[in-house]
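Report on one structure; see the data block that follows.
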Amino acid sequence: MAKLQKSIDKRNALVKATIELVNNNGFHATPMSKIAKMANVSPATIYLYFENKQDLVNKTYVEVKAEYTKYAFATYNETMPVEAGFRLIWNRIADFKLKECENAMFLAQCDNTPMIDELSRQEGIKHLQPLLDLWERGRQEGIIKPLSDYLLYAYAINPLSFLMITQKRGVFTLDKAHLEEAYQSAWSSIKVCQ
């Protein structure tokens, strides 16, 4: 049992080091040797858990995406009215991005790089299914604009990444009033005007 835990700890250290180094240096300036050093393992140990750097980054992306969406949907119930469900999910996403900043920054980088392969991206999208289903129900009920999920995400969710990064840089502080204004902007960008 202790051996299994040691193995889990090593793998987790590699994932954590990958996130930190990619956030600070970018994908291409994060060699396997640096990841191993930061994780305090030999470079050969990486290959016990991952095929190569691409595999390490893709698996880290999918794992972090799963954590992100598990948090986002933890208190969501699919029977909620569309606006109430969206508000809850949006606020949980905002909370994750502000509290789990390193993981959120890693996901933001992954969303904007060709480093993540298409299979991993599709796996990541599967984790967003409750939100996509909510939007589909909203479109059917005439509450959400008849736009693609990509456009809805770009207008309603992606701005949170920008706000998180500006807060991390110390340029802007998101207080409760700003978060409410951001939510209202997100909601008004996707709801059908009545």
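Within each chain, counting starts at residue 1; across the structure tokens, chains are named A, B, ... in the order shown, with ligands numbered 1 upward in that order.
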
Hey, which bits of region 120-147 of chain A sit within 9 Å of region 82-90 of chain A, and for each residue what's the closest pair of atoms and how far apart in Å (one decimal), counting only C-alpha atoms, rows by chain and increasing number, as JSON lines?
```
{"residue": "A:Leu131", "atom": "CA", "partner": "A:Ile89", "partner_atom": "CA", "distance": 7.6}
{"residue": "A:Leu134", "atom": "CA", "partner": "A:Val82", "partner_atom": "CA", "distance": 6.5}
{"residue": "A:Trp135", "atom": "CA", "partner": "A:Val82", "partner_atom": "CA", "distance": 7.7}
{"residue": "A:Arg137", "atom": "CA", "partner": "A:Val82", "partner_atom": "CA", "distance": 7.4}
{"residue": "A:Gly138", "atom": "CA", "partner": "A:Val82", "partner_atom": "CA", "distance": 5.9}
{"residue": "A:Glu141", "atom": "CA", "partner": "A:Val82", "partner_atom": "CA", "distance": 8.8}
{"residue": "A:Ile143", "atom": "CA", "partner": "A:Val82", "partner_atom": "CA", "distance": 7.6}
{"residue": "A:Ile144", "atom": "CA", "partner": "A:Val82", "partner_atom": "CA", "distance": 8.6}
```

Once you have the residues from the selection above, write them out as a PDB file, in the first residue's frame, restricted to N, CA and C atoms.
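As a result, part-v8.pdb now contains:
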```pdb
ATOM      1  N   LEU A 131     -23.288  21.759 -18.984  1.00  0.00           N
ATOM      2  CA  LEU A 131     -23.463  23.133 -19.450  1.00  0.00           C
ATOM      3  C   LEU A 131     -23.997  23.143 -20.883  1.00  0.00           C
ATOM      4  N   LEU A 134     -27.596  22.300 -20.787  1.00  0.00           N
ATOM      5  CA  LEU A 134     -28.369  23.444 -20.286  1.00  0.00           C
ATOM      6  C   LEU A 134     -28.585  24.453 -21.405  1.00  0.00           C
ATOM      7  N   TRP A 135     -27.524  24.746 -22.150  1.00  0.00           N
ATOM      8  CA  TRP A 135     -27.657  25.690 -23.255  1.00  0.00           C
ATOM      9  C   TRP A 135     -28.620  25.158 -24.316  1.00  0.00           C
ATOM     10  N   ARG A 137     -31.161  23.148 -23.853  1.00  0.00           N
ATOM     11  CA  ARG A 137     -32.513  23.305 -23.300  1.00  0.00           C
ATOM     12  C   ARG A 137     -32.927  24.771 -23.387  1.00  0.00           C
ATOM     13  N   GLY A 138     -31.994  25.688 -23.080  1.00  0.00           N
ATOM     14  CA  GLY A 138     -32.282  27.118 -23.164  1.00  0.00           C
ATOM     15  C   GLY A 138     -32.612  27.564 -24.582  1.00  0.00           C
ATOM     16  N   GLU A 141     -36.126  26.333 -25.349  1.00  0.00           N
ATOM     17  CA  GLU A 141     -37.149  27.102 -24.636  1.00  0.00           C
ATOM     18  C   GLU A 141     -37.183  28.568 -25.078  1.00  0.00           C
ATOM     19  N   ILE A 143     -34.841  30.811 -24.581  1.00  0.00           N
ATOM     20  CA  ILE A 143     -34.214  31.655 -23.563  1.00  0.00           C
ATOM     21  C   ILE A 143     -32.783  32.009 -23.965  1.00  0.00           C
ATOM     22  N   ILE A 144     -32.089  31.060 -24.566  1.00  0.00           N
ATOM     23  CA  ILE A 144     -30.694  31.240 -24.987  1.00  0.00           C
ATOM     24  C   ILE A 144     -30.670  31.477 -26.498  1.00  0.00           C
TER      25      ILE A 144
END
```

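The residue set within 7 Å of Asn58 (chain A), counting only C-alpha atoms and dropping same-chain residues fewer than 3 places from it, reads A:Gln54, A:Asp55, A:Tyr61, A:Val62, A:Ile116, A:Asp117, A:Ser120.
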
Excluding Asp111 (chain A) and residues on its chain fewer than 2 positions from it, collect all residues at most 12 Å away from it, counting only C-alpha atoms, and give them as an MDAnalysis selection string. chainID A and resid 58 61:62 65 104:109 113:118 120:122 124:125 150 153:154 158 161

Point to revise | Selection: 12 Å around Lys37 (chain A), only C-alpha atoms, excl. self and same-chain fewer than 4 positions, as a ChimeraX atom specification | key: /A:10,13-14,17-18,21,30-33,41-46
